[in-house]
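Visitor: Take a look at input32.txt, compact mmCIF, C-alpha atoms (C1' of nucleotides):
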```
# COMPACT_ATOMS: atom_id res chain seq x y z
CA MET F 157 10.87 107.35 156.70
CA SER F 158 13.28 109.99 155.48
CA ASP F 159 14.79 110.44 158.93
CA TYR F 160 15.51 106.73 158.92
CA LYS F 161 18.65 107.33 156.97
CA ILE F 162 19.77 110.13 159.21
CA LYS F 163 20.79 107.76 161.96
CA PHE F 164 23.64 106.59 159.80
CA TYR F 165 24.75 109.90 158.35
CA LYS F 166 28.41 109.03 158.79
CA CYS F 167 28.21 106.33 156.12
CA ASP F 168 27.96 106.91 152.39
CA CYS F 169 25.32 104.25 151.79
CA ASN F 170 21.87 103.15 152.95
CA VAL F 171 21.47 100.40 155.46
CA ILE F 172 20.31 97.39 153.56
CA HIS F 173 19.61 95.11 156.49
CA GLU F 174 19.09 97.12 159.62
CA GLU F 175 18.04 94.16 161.73
CA ILE F 176 21.23 92.27 161.01
CA VAL F 177 23.39 95.31 161.63
CA ASN F 178 21.77 95.90 165.00
CA MET F 179 21.98 92.26 165.97
CA VAL F 180 25.65 92.06 165.04
CA LYS F 181 26.38 95.39 166.68
CA GLY F 182 25.01 94.01 169.93
CA LYS F 183 27.37 91.06 169.78
CA MET F 184 30.56 92.92 168.92
CA PRO F 185 33.32 93.00 171.52
CA PRO F 186 34.48 96.40 172.82
CA GLU F 187 36.74 98.37 170.49
CA GLU F 188 39.63 97.98 172.89
CA ASN F 189 39.44 94.20 172.72
CA LEU F 190 39.41 94.26 168.92
CA TYR F 191 42.41 96.55 169.00
CA ASN F 192 44.35 94.39 171.44
CA LEU F 193 43.62 91.24 169.52
CA ALA F 194 44.70 92.84 166.26
CA GLU F 195 47.89 94.04 167.93
CA LEU F 196 48.64 90.51 169.08
CA PHE F 197 48.21 89.13 165.59
CA LYS F 198 50.29 91.97 164.22
CA ALA F 199 53.20 90.76 166.33
CA PHE F 200 53.05 87.46 164.43
CA GLY F 201 52.58 89.23 161.12
CA ASP F 202 56.17 89.71 160.08
CA THR F 203 58.59 87.16 158.66
CA THR F 204 61.49 88.24 160.86
CA ARG F 205 59.46 87.96 164.04
CA MET F 206 57.91 84.69 162.92
CA ARG F 207 61.41 83.32 162.34
CA ILE F 208 62.53 84.45 165.78
CA LEU F 209 59.52 82.87 167.45
CA TRP F 210 60.00 79.63 165.59
CA ALA F 211 63.65 79.56 166.59
CA LEU F 212 62.87 80.26 170.23
CA ALA F 213 60.34 77.45 170.14
CA GLU F 214 63.35 75.17 169.68
CA SER F 215 65.68 76.72 172.19
CA GLU F 216 66.44 79.73 174.29
CA MET F 217 68.89 81.89 172.35
CA CYS F 218 70.95 85.03 172.84
CA VAL F 219 70.53 88.07 170.60
CA CYS F 220 73.73 87.37 168.71
CA ASP F 221 72.73 83.78 167.98
CA ILE F 222 69.36 84.90 166.67
CA ALA F 223 71.07 87.46 164.45
CA VAL F 224 73.39 84.82 162.99
CA LEU F 225 70.53 82.40 162.47
CA SER F 226 68.46 85.10 160.78
CA ASN F 227 71.37 86.52 158.84
CA MET F 228 70.46 89.98 160.07
CA THR F 229 72.16 92.63 162.17
CA VAL F 230 72.05 92.48 165.94
CA SER F 231 70.38 95.87 165.95
CA ALA F 232 67.52 94.80 163.70
CA ILE F 233 66.97 91.70 165.82
CA SER F 234 67.08 93.72 169.00
CA HIS F 235 64.39 96.05 167.70
CA GLN F 236 62.15 93.14 166.78
CA LEU F 237 62.73 91.45 170.11
CA ARG F 238 61.44 94.59 171.73
CA VAL F 239 58.22 94.30 169.74
CA LEU F 240 57.85 90.67 170.77
CA LYS F 241 58.62 91.57 174.37
CA GLN F 242 55.95 94.28 174.37
CA ALA F 243 53.48 91.75 173.01
CA ARG F 244 54.52 89.46 175.86
CA LEU F 245 55.48 86.74 173.43
CA VAL F 246 59.07 86.47 174.61
CA LYS F 247 60.85 86.92 177.90
CA TYR F 248 64.54 87.25 178.69
CA ARG F 249 67.13 86.54 181.31
CA LYS F 250 70.54 88.16 181.64
CA ASP F 251 73.75 86.30 182.22
CA GLY F 252 76.58 88.81 182.39
CA LYS F 253 76.58 90.77 179.20
CA ILE F 254 74.62 88.13 177.33
CA VAL F 255 70.82 88.30 177.18
CA TYR F 256 68.95 85.08 176.55
CA TYR F 257 65.49 85.24 175.03
CA SER F 258 62.84 82.54 175.17
CA LEU F 259 59.13 82.18 174.54
CA ASP F 260 57.13 83.90 177.23
CA ASP F 261 54.02 81.79 177.16
CA GLU F 262 54.62 78.40 175.67
CA HIS F 263 50.96 77.64 176.02
CA ILE F 264 49.73 80.45 173.79
CA LEU F 265 52.40 79.74 171.24
CA SER F 266 51.88 76.01 171.02
CA SER F 267 48.14 76.39 170.60
CA THR F 268 48.46 79.22 168.10
CA MET F 269 51.36 77.99 166.03
CA GLY F 270 50.58 74.29 166.19
CA MET L 1213 90.62 79.77 165.34
CA SER L 1214 90.55 83.05 163.50
CA ASP L 1215 88.82 81.59 160.43
CA TYR L 1216 86.11 80.30 162.69
CA LYS L 1217 84.48 83.67 162.68
CA ILE L 1218 84.70 84.02 158.94
CA LYS L 1219 81.82 81.62 158.36
CA PHE L 1220 79.46 84.23 159.76
CA TYR L 1221 80.85 87.34 158.14
CA LYS L 1222 77.42 88.67 157.32
CA CYS L 1223 76.64 89.27 160.99
CA ASP L 1224 78.09 91.98 163.16
CA CYS L 1225 78.73 89.72 166.14
CA ASN L 1226 80.46 86.50 167.13
CA VAL L 1227 78.56 83.30 167.44
CA ILE L 1228 78.20 82.60 171.10
CA HIS L 1229 76.62 79.17 170.87
CA GLU L 1230 77.36 77.61 167.54
CA GLU L 1231 75.90 74.22 168.45
CA ILE L 1232 72.54 75.70 169.32
CA VAL L 1233 72.47 77.85 166.19
CA ASN L 1234 73.17 74.84 163.99
CA MET L 1235 70.64 72.67 165.77
CA VAL L 1236 67.93 75.33 165.49
CA LYS L 1237 68.86 76.07 161.89
CA GLY L 1238 68.25 72.44 161.03
CA LYS L 1239 64.76 72.59 162.47
CA MET L 1240 63.60 75.82 160.87
CA PRO L 1241 60.82 75.60 158.29
CA PRO L 1242 61.53 76.86 154.76
CA GLU L 1243 61.55 80.63 154.33
CA GLU L 1244 58.44 80.46 152.15
CA ASN L 1245 56.45 78.82 154.94
CA LEU L 1246 57.52 81.47 157.42
CA TYR L 1247 56.52 84.14 154.94
CA ASN L 1248 53.12 82.60 154.23
CA LEU L 1249 52.36 82.15 157.91
CA ALA L 1250 53.35 85.72 158.67
CA GLU L 1251 51.13 86.92 155.83
CA LEU L 1252 48.18 85.04 157.27
CA PHE L 1253 48.68 86.61 160.68
CA LYS L 1254 49.10 89.98 159.06
CA ALA L 1255 45.58 89.70 157.67
CA PHE L 1256 44.31 89.48 161.26
CA GLY L 1257 46.63 92.25 162.40
CA ASP L 1258 44.43 95.26 161.77
CA THR L 1259 41.54 96.52 163.85
CA THR L 1260 39.30 97.17 160.86
CA ARG L 1261 39.79 93.68 159.47
CA MET L 1262 39.43 92.12 162.91
CA ARG L 1263 36.13 93.95 163.32
CA ILE L 1264 34.92 92.74 159.93
CA LEU L 1265 35.86 89.15 160.70
CA TRP L 1266 34.19 89.27 164.07
CA ALA L 1267 31.04 90.69 162.48
CA LEU L 1268 31.01 88.05 159.77
CA ALA L 1269 31.38 85.40 162.45
CA GLU L 1270 27.88 86.45 163.54
CA SER L 1271 26.26 86.77 160.17
CA GLU L 1272 26.79 87.11 156.47
CA MET L 1273 26.69 90.82 155.62
CA CYS L 1274 26.75 93.06 152.59
CA VAL L 1275 29.46 95.68 152.11
CA CYS L 1276 27.15 98.53 153.01
CA ASP L 1277 26.07 96.88 156.25
CA ILE L 1278 29.68 96.30 157.25
CA ALA L 1279 30.45 99.94 156.51
CA VAL L 1280 27.58 101.12 158.71
CA LEU L 1281 28.55 98.75 161.48
CA SER L 1282 32.16 99.89 161.27
CA ASN L 1283 31.29 103.54 160.84
CA MET L 1284 33.61 103.70 157.85
CA THR L 1285 33.21 104.43 154.16
CA VAL L 1286 32.15 101.70 151.78
CA SER L 1287 35.35 102.24 149.85
CA ALA L 1288 37.58 101.63 152.85
CA ILE L 1289 35.63 98.49 153.73
CA SER L 1290 35.78 97.28 150.15
CA HIS L 1291 39.56 97.63 150.12
CA GLN L 1292 39.90 95.67 153.34
CA LEU L 1293 37.52 92.99 152.12
CA ARG L 1294 39.84 92.51 149.20
CA VAL L 1295 42.73 91.87 151.59
CA LEU L 1296 40.64 89.35 153.50
CA LYS L 1297 39.53 87.73 150.26
CA GLN L 1298 43.13 87.36 149.09
CA ALA L 1299 44.00 85.76 152.42
CA ARG L 1300 41.06 83.38 151.83
CA LEU L 1301 39.48 84.41 155.09
CA VAL L 1302 36.22 85.58 153.53
CA LYS L 1303 34.15 84.57 150.53
CA TYR L 1304 31.27 86.32 148.81
CA ARG L 1305 28.11 85.73 146.85
CA LYS L 1306 26.32 88.20 144.61
CA ASP L 1307 22.60 88.85 144.69
CA GLY L 1308 21.80 91.51 142.13
CA LYS L 1309 23.85 94.56 142.91
CA ILE L 1310 24.39 93.51 146.49
CA VAL L 1311 27.47 91.47 147.45
CA TYR L 1312 27.26 89.38 150.59
CA TYR L 1313 30.44 88.48 152.42
CA SER L 1314 30.91 85.64 154.87
CA LEU L 1315 33.75 83.77 156.52
CA ASP L 1316 35.49 81.52 154.05
CA ASP L 1317 36.74 78.85 156.38
CA GLU L 1318 34.79 78.71 159.59
CA HIS L 1319 37.07 76.01 160.81
CA ILE L 1320 40.25 78.06 160.70
CA LEU L 1321 38.53 81.05 162.22
CA SER L 1322 36.87 79.22 165.06
CA SER L 1323 40.06 77.50 166.05
CA THR L 1324 42.14 80.66 165.71
CA MET L 1325 39.78 83.19 167.22
CA GLY L 1326 38.22 80.97 169.83
C1' DA N 606 90.96 102.69 184.50
C1' DT N 607 90.69 101.09 179.84
C1' DA N 608 89.41 98.23 176.08
C1' DA N 609 86.44 94.92 174.09
C1' DC N 610 82.12 93.18 173.74
C1' DA N 611 76.74 92.23 173.93
C1' DT N 612 72.86 94.55 173.70
C1' DA N 613 69.70 98.59 173.52
C1' DT N 614 67.98 102.70 171.61
C1' DG N 615 66.93 107.09 169.07
C1' DA N 616 66.93 109.24 164.67
C1' DA N 617 66.83 108.82 159.77
C1' DC N 618 65.35 106.56 155.86
C1' DA N 619 62.82 103.37 152.92
C1' DA N 620 59.10 100.49 152.20
C1' DA N 621 54.54 98.95 153.19
C1' DT N 622 49.91 99.95 154.46
C1' DA N 623 45.24 102.22 155.43
C1' DT N 624 42.17 105.61 154.08
C1' DT N 625 40.25 109.02 150.99
C1' DC N 626 38.80 110.72 146.69
C1' DA N 627 37.42 110.36 142.09
C1' DT N 628 35.78 107.41 138.97
C1' DA N 629 34.51 102.92 136.83
C1' DT N 630 31.52 98.76 136.52
C1' DG N 631 27.51 96.34 136.68
C1' DT N 632 22.62 95.95 138.28
C1' DT N 633 17.93 97.48 139.16
C1' DA N 634 14.18 100.74 138.78
C1' DA N 635 11.89 104.38 136.41
C1' DT E 286 17.66 104.42 127.90
C1' DT E 287 18.42 106.94 131.80
C1' DA E 288 18.95 107.51 136.68
C1' DA E 289 20.02 105.67 141.02
C1' DC E 290 22.48 102.57 143.53
C1' DA E 291 26.06 98.90 145.40
C1' DT E 292 30.44 97.81 144.94
C1' DA E 293 35.17 97.92 143.05
C1' DT E 294 39.39 100.06 141.93
C1' DG E 295 43.43 103.16 140.85
C1' DA E 296 45.92 107.11 142.31
C1' DA E 297 47.12 110.18 145.95
C1' DT E 298 48.06 110.94 150.64
C1' DA E 299 49.07 110.05 155.38
C1' DT E 300 50.55 106.95 158.65
C1' DT E 301 52.91 103.00 160.23
C1' DT E 302 56.55 99.92 160.18
C1' DG E 303 61.25 97.59 159.37
C1' DT E 304 65.99 98.33 158.84
C1' DT E 305 70.23 100.89 159.17
C1' DC E 306 73.43 103.83 161.32
C1' DA E 307 75.45 106.08 165.06
C1' DT E 308 75.77 106.04 169.68
C1' DA E 309 74.67 104.77 174.53
C1' DT E 310 74.64 101.44 178.43
C1' DG E 311 76.32 98.00 181.13
C1' DT E 312 79.42 93.95 181.74
C1' DT E 313 83.79 91.40 181.52
C1' DA E 314 88.68 91.03 180.73
C1' DT E 315 93.10 93.28 180.66
```
Using the file provided, produce a representation of the structure as structure tokens.
Guide:
Amino acid sequence: MSDYKIKFYKCDCNVIHEEIVNMVKGKMPPEENLYNLAELFKAFGDTTRMRILWALAESEMCVCDIAVLSNMTVSAISHQLRVLKQARLVKYRKDGKIVYYSLDDEHILSSTMG
Amino acid sequence: MSDYKIKFYKCDCNVIHEEIVNMVKGKMPPEENLYNLAELFKAFGDTTRMRILWALAESEMCVCDIAVLSNMTVSAISHQLRVLKQARLVKYRKDGKIVYYSLDDEHILSSTMG
DNA sequence: ATAACATATGAACAAATATTCATATGTTAA
DNA sequence: TTAACATATGAATATTTGTTCATATGTTAT
């Protein structure tokens, strides 16, 4: 009875509903999945990136165009495009010295952003 | 010809495709909408909050239970629940000294999180 | 080759955020 | 009423993140 608490020594409270906690624990996805999903949402969680994505939903655009549209520096846009690229939300193609960005997976975006 | 550039003096580049920029600009949602949408995604963009939401998708839980499940302090969980509450993703009911949290809008969550 | 340009990138800085710690509030039990 | 408890909250701290600045890379035009 007193060693009941000891199972949860890392928490600063008593378990109120052990059955529910165990049931829910059994249904939780692996930590890595939670992390990856949160990272994906994080990519959408910034006004600048949201603006870029919305713009690219209309048309492929080069970095300079996106900067003008956003009224921000090319450098700032380039940094954010890297984040979006790492999240696989945008892809790019090069044409000479110009780099054109577009949505990477139109399917994910159209179902997520409506 | 030279005053063409001057329209975009706030950017450190030349407009490559003015037509596209203007077309896209006309289709962009108001800044406030972009901001609000980004804020919503931001609420999902943290592993701790994602874990809480996933847990609450299984069952209503009290703060202490969530802390045990998450292996985090009650205080940390309470702070994050406040963020989720402000984003209207969770709601709560009080029963004595225990506060039970649950998903606020099952519809939004089920369509967003699958 | 050199200059001009589009973009990328690393470092520095500023701002936002997550967690901890101490403490406050409100409820139940003694 | 006092003690124990569940939760909330403000301040402090540590970490993360967004932007700027300087500079690098690679391409085109001269």
Visitor: List every protein, DNA or RNA residue that has an atom no more than 12 Å from (80.4, 95.1, 182.1) in the file's coordinate frame, counting only C-alpha atoms (C1' of nucleotides), and report them as number ranges by chain.
Guide: F: 251-254; N: 608-612; E: 310-314
Visitor: So how far away is CA of Ile1289 (chain L) from C1' of DC626 (chain N), in Å?
Guide: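 Between C1' of DC626 (chain N) and CA of Ile1289 (chain L) the gap is 14.5 Å.
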Visitor: Would you list the residues near (67.9, 109.4, 165.6) (no more than 12 Å away, in the coordinates of the file, using only C-alpha atoms (C1' of nucleotides)) as a PyMOL selection string?
Guide: (chain N and resi 614-618) or (chain E and resi 305-308)
Visitor: Which residues of chain L have any atom within 10 Å of an atom in chain E when counting all atoms listed in the file, and what is the closest pair of atoms for each, with the distance in Å to one decimal? Order the rows by chain and rising number and write it as CSV.
Guide:
```
residue,atom,partner,partner_atom,distance
L:Cys1274,CA,E:DA291,C1',9.3
L:Val1275,CA,E:DT292,C1',7.5
L:Cys1276,CA,E:DA291,C1',7.7
L:Val1286,CA,E:DT292,C1',8.1
L:Ser1287,CA,E:DA293,C1',8.1
L:Ser1290,CA,E:DA293,C1',7.2
L:His1291,CA,E:DA293,C1',8.3
L:Arg1294,CA,E:DA293,C1',9.4
L:Gly1308,CA,E:DA291,C1',9.1
L:Lys1309,CA,E:DA291,C1',5.5
L:Ile1310,CA,E:DA291,C1',5.7
L:Val1311,CA,E:DT292,C1',7.4
```
Visitor: So how far away is CA of Asn170 (chain F) from CA of Leu190 (chain F), in Å?
Guide: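 Between these atoms lies a distance of 25.3 Å.
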Visitor: Can you move chain F onto chain L by a least-squares fit over all C-alpha atoms paired in order, then give me the moved copy as a short mmCIF file (atom, residue, chain, number, x, y, z; two decimals) with C-alpha atoms, keeping the file's coordinate frame?
Guide:
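Saved the output as superposed17.cif:
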```
data_model
loop_
_atom_site.label_atom_id
_atom_site.label_comp_id
_atom_site.auth_asym_id
_atom_site.auth_seq_id
_atom_site.Cartn_x
_atom_site.Cartn_y
_atom_site.Cartn_z
CA MET F 157 90.35 79.37 164.75
CA SER F 158 90.35 82.77 163.10
CA ASP F 159 88.52 81.48 160.04
CA TYR F 160 85.82 80.25 162.39
CA LYS F 161 84.28 83.66 162.42
CA ILE F 162 84.43 84.01 158.69
CA LYS F 163 81.53 81.66 158.17
CA PHE F 164 79.25 84.27 159.64
CA TYR F 165 80.70 87.37 158.05
CA LYS F 166 77.26 88.79 157.33
CA CYS F 167 76.58 89.31 161.04
CA ASP F 168 78.11 91.98 163.23
CA CYS F 169 78.77 89.69 166.18
CA ASN F 170 80.47 86.41 167.11
CA VAL F 171 78.51 83.24 167.40
CA ILE F 172 78.17 82.54 171.06
CA HIS F 173 76.59 79.11 170.83
CA GLU F 174 77.31 77.56 167.49
CA GLU F 175 75.83 74.19 168.38
CA ILE F 176 72.48 75.68 169.27
CA VAL F 177 72.41 77.85 166.18
CA ASN F 178 73.09 74.87 163.95
CA MET F 179 70.56 72.71 165.72
CA VAL F 180 67.87 75.37 165.47
CA LYS F 181 68.79 76.14 161.89
CA GLY F 182 68.17 72.51 161.01
CA LYS F 183 64.69 72.66 162.48
CA MET F 184 63.54 75.92 160.90
CA PRO F 185 60.76 75.76 158.33
CA PRO F 186 61.49 77.05 154.80
CA GLU F 187 61.52 80.82 154.41
CA GLU F 188 58.42 80.67 152.25
CA ASN F 189 56.42 79.00 155.00
CA LEU F 190 57.51 81.61 157.54
CA TYR F 191 56.51 84.30 155.09
CA ASN F 192 53.10 82.79 154.38
CA LEU F 193 52.36 82.28 158.03
CA ALA F 194 53.34 85.85 158.84
CA GLU F 195 51.13 87.08 156.01
CA LEU F 196 48.20 85.15 157.44
CA PHE F 197 48.67 86.68 160.86
CA LYS F 198 49.09 90.08 159.27
CA ALA F 199 45.58 89.78 157.86
CA PHE F 200 44.30 89.53 161.44
CA GLY F 201 46.58 92.31 162.60
CA ASP F 202 44.38 95.31 161.98
CA THR F 203 41.42 96.54 164.01
CA THR F 204 39.22 97.18 160.98
CA ARG F 205 39.76 93.71 159.59
CA MET F 206 39.36 92.13 163.01
CA ARG F 207 36.04 93.93 163.37
CA ILE F 208 34.90 92.72 159.96
CA LEU F 209 35.85 89.14 160.75
CA TRP F 210 34.10 89.25 164.09
CA ALA F 211 30.99 90.64 162.45
CA LEU F 212 31.01 88.00 159.73
CA ALA F 213 31.35 85.36 162.41
CA GLU F 214 27.84 86.39 163.44
CA SER F 215 26.27 86.70 160.04
CA GLU F 216 26.86 87.04 156.36
CA MET F 217 26.75 90.74 155.51
CA CYS F 218 26.85 92.99 152.47
CA VAL F 219 29.54 95.63 152.02
CA CYS F 220 27.18 98.46 152.89
CA ASP F 221 26.07 96.79 156.11
CA ILE F 222 29.66 96.25 157.16
CA ALA F 223 30.43 99.89 156.44
CA VAL F 224 27.51 101.06 158.59
CA LEU F 225 28.45 98.69 161.39
CA SER F 226 32.07 99.86 161.25
CA ASN F 227 31.18 103.49 160.79
CA MET F 228 33.55 103.67 157.85
CA THR F 229 33.20 104.38 154.15
CA VAL F 230 32.18 101.67 151.73
CA SER F 231 35.43 102.21 149.87
CA ALA F 232 37.62 101.63 152.91
CA ILE F 233 35.67 98.48 153.75
CA SER F 234 35.89 97.26 150.19
CA HIS F 235 39.66 97.63 150.22
CA GLN F 236 39.95 95.68 153.45
CA LEU F 237 37.63 92.98 152.20
CA ARG F 238 40.00 92.52 149.32
CA VAL F 239 42.84 91.90 151.75
CA LEU F 240 40.75 89.37 153.64
CA LYS F 241 39.70 87.74 150.38
CA GLN F 242 43.33 87.41 149.26
CA ALA F 243 44.13 85.80 152.60
CA ARG F 244 41.23 83.42 151.95
CA LEU F 245 39.58 84.43 155.18
CA VAL F 246 36.34 85.57 153.58
CA LYS F 247 34.34 84.54 150.55
CA TYR F 248 31.48 86.27 148.77
CA ARG F 249 28.37 85.65 146.77
CA LYS F 250 26.59 88.11 144.50
CA ASP F 251 22.89 88.73 144.49
CA GLY F 252 22.12 91.36 141.87
CA LYS F 253 24.12 94.42 142.69
CA ILE F 254 24.61 93.40 146.30
CA VAL F 255 27.67 91.39 147.34
CA TYR F 256 27.41 89.31 150.48
CA TYR F 257 30.58 88.43 152.35
CA SER F 258 31.01 85.61 154.84
CA LEU F 259 33.83 83.75 156.54
CA ASP F 260 35.63 81.51 154.10
CA ASP F 261 36.82 78.83 156.45
CA GLU F 262 34.80 78.69 159.61
CA HIS F 263 37.08 76.01 160.90
CA ILE F 264 40.26 78.08 160.83
CA LEU F 265 38.48 81.05 162.30
CA SER F 266 36.78 79.24 165.14
CA SER F 267 39.99 77.54 166.20
CA THR F 268 42.06 80.70 165.86
CA MET F 269 39.68 83.24 167.30
CA GLY F 270 38.10 81.04 169.94
#
```
Visitor: Sorted by chain and rising residue number, which residues of chain N lie within 8 Å of chain L, and what are their closest atom pairs and distances in Å to one decimal, counting all atoms listed in the file, as a Markdown table?
Guide:
```
| residue | atom | partner | partner_atom | distance |
| --- | --- | --- | --- | --- |
| N:DT624 | C1' | L:Ala1288 | CA | 6.2 |
| N:DG631 | C1' | L:Lys1309 | CA | 7.4 |
| N:DT632 | C1' | L:Lys1309 | CA | 5.0 |
| N:DT633 | C1' | L:Lys1309 | CA | 7.6 |
```
Visitor: Using only C-alpha atoms, which residues of chain F come within 8 Å of chain L, and what is the closest atom pair for each, with the distance in Å to one decimal? Give it as CSV, sorted by chain and residue number.
Guide:
```
residue,atom,partner,partner_atom,distance
F:Phe164,CA,L:Val1280,CA,6.8
F:Lys166,CA,L:Asn1283,CA,6.5
F:Cys167,CA,L:Thr1285,CA,5.7
F:Asp168,CA,L:Thr1285,CA,6.1
F:Cys169,CA,L:Cys1276,CA,6.1
F:Asn170,CA,L:Cys1276,CA,7.0
F:Val171,CA,L:Asp1277,CA,5.8
F:Ile172,CA,L:Asp1277,CA,6.4
F:His173,CA,L:Asp1277,CA,6.7
F:Glu174,CA,L:Asp1277,CA,7.8
F:Ile176,CA,L:Ser1271,CA,7.5
F:Val177,CA,L:Leu1281,CA,6.2
F:Val180,CA,L:Ala1267,CA,6.1
F:Lys181,CA,L:Leu1281,CA,6.6
F:Lys183,CA,L:Glu1270,CA,7.8
F:Met184,CA,L:Ala1267,CA,6.8
F:Leu190,CA,L:Thr1259,CA,5.9
F:Tyr191,CA,L:Thr1259,CA,5.2
F:Leu193,CA,L:Gly1257,CA,7.8
F:Ala194,CA,L:Gly1257,CA,4.4
F:Glu195,CA,L:Gly1257,CA,5.9
F:Leu196,CA,L:Gly1257,CA,7.2
F:Phe197,CA,L:Gly1257,CA,4.7
F:Lys198,CA,L:Gly1257,CA,4.1
F:Ala199,CA,L:Gly1257,CA,7.8
F:Phe200,CA,L:Phe1253,CA,5.8
F:Gly201,CA,L:Lys1254,CA,4.1
F:Asp202,CA,L:Ala1250,CA,5.1
F:Thr203,CA,L:Tyr1247,CA,5.2
F:Met206,CA,L:Ala1250,CA,6.3
F:Arg207,CA,L:Leu1246,CA,6.5
F:Trp210,CA,L:Met1240,CA,7.1
F:Ala211,CA,L:Val1236,CA,6.1
F:Glu214,CA,L:Val1236,CA,6.2
F:Ser215,CA,L:Val1236,CA,7.2
F:Met217,CA,L:Ile1232,CA,7.8
F:Cys218,CA,L:Ile1228,CA,7.8
F:Cys220,CA,L:Cys1225,CA,6.1
F:Asp221,CA,L:Val1227,CA,5.9
F:Ile222,CA,L:Val1233,CA,7.7
F:Ala223,CA,L:Cys1223,CA,6.8
F:Val224,CA,L:Cys1223,CA,5.9
F:Leu225,CA,L:Val1233,CA,6.2
F:Asn227,CA,L:Cys1223,CA,6.3
F:Met228,CA,L:Cys1223,CA,6.3
F:Thr229,CA,L:Cys1223,CA,5.7
F:Val230,CA,L:Asp1224,CA,6.7
F:Thr268,CA,L:Thr1324,CA,6.9
```
Visitor: Hey, can you check how far CA of Val1302 (chain L) sits from CA of Ser1314 (chain L)?
Guide: 5.5 Å
Visitor: Missing atoms in region 1291-1304 of chain L should be modelled up to N, CA and C atoms and reported as a CSV table (one decimal), in the coordinates of the input.
Guide:
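The result, written out as result_4.csv:
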```
chain,number,residue,atom,x,y,z
L,1291,HIS,N,38.1,97.9,150.2
L,1291,HIS,CA,39.6,97.6,150.1
L,1291,HIS,C,40.0,96.6,151.1
L,1292,GLN,N,39.5,96.6,152.3
L,1292,GLN,CA,39.9,95.7,153.3
L,1292,GLN,C,39.3,94.3,153.0
L,1293,LEU,N,38.1,94.3,152.5
L,1293,LEU,CA,37.5,93.0,152.1
L,1293,LEU,C,38.4,92.3,151.1
L,1294,ARG,N,39.0,93.1,150.2
L,1294,ARG,CA,39.8,92.5,149.2
L,1294,ARG,C,41.1,91.8,149.8
L,1295,VAL,N,41.6,92.5,150.9
L,1295,VAL,CA,42.7,91.9,151.6
L,1295,VAL,C,42.3,90.5,152.2
L,1296,LEU,N,41.1,90.6,152.8
L,1296,LEU,CA,40.6,89.4,153.5
L,1296,LEU,C,40.3,88.2,152.5
L,1297,LYS,N,39.9,88.7,151.3
L,1297,LYS,CA,39.5,87.7,150.3
L,1297,LYS,C,40.8,87.1,149.8
L,1298,GLN,N,41.9,87.9,149.6
L,1298,GLN,CA,43.1,87.4,149.1
L,1298,GLN,C,43.7,86.4,150.1
L,1299,ALA,N,43.5,86.7,151.4
L,1299,ALA,CA,44.0,85.8,152.4
L,1299,ALA,C,43.1,84.5,152.6
L,1300,ARG,N,42.0,84.5,151.8
L,1300,ARG,CA,41.1,83.4,151.8
L,1300,ARG,C,40.4,83.3,153.2
L,1301,LEU,N,40.2,84.4,153.8
L,1301,LEU,CA,39.5,84.4,155.1
L,1301,LEU,C,38.0,84.7,154.9
L,1302,VAL,N,37.6,85.3,153.8
L,1302,VAL,CA,36.2,85.6,153.5
L,1302,VAL,C,35.9,85.2,152.1
L,1303,LYS,N,34.6,84.9,151.9
L,1303,LYS,CA,34.2,84.6,150.5
L,1303,LYS,C,32.9,85.4,150.3
L,1304,TYR,N,32.4,85.5,149.1
L,1304,TYR,CA,31.3,86.3,148.8
L,1304,TYR,C,30.3,85.6,147.8
```
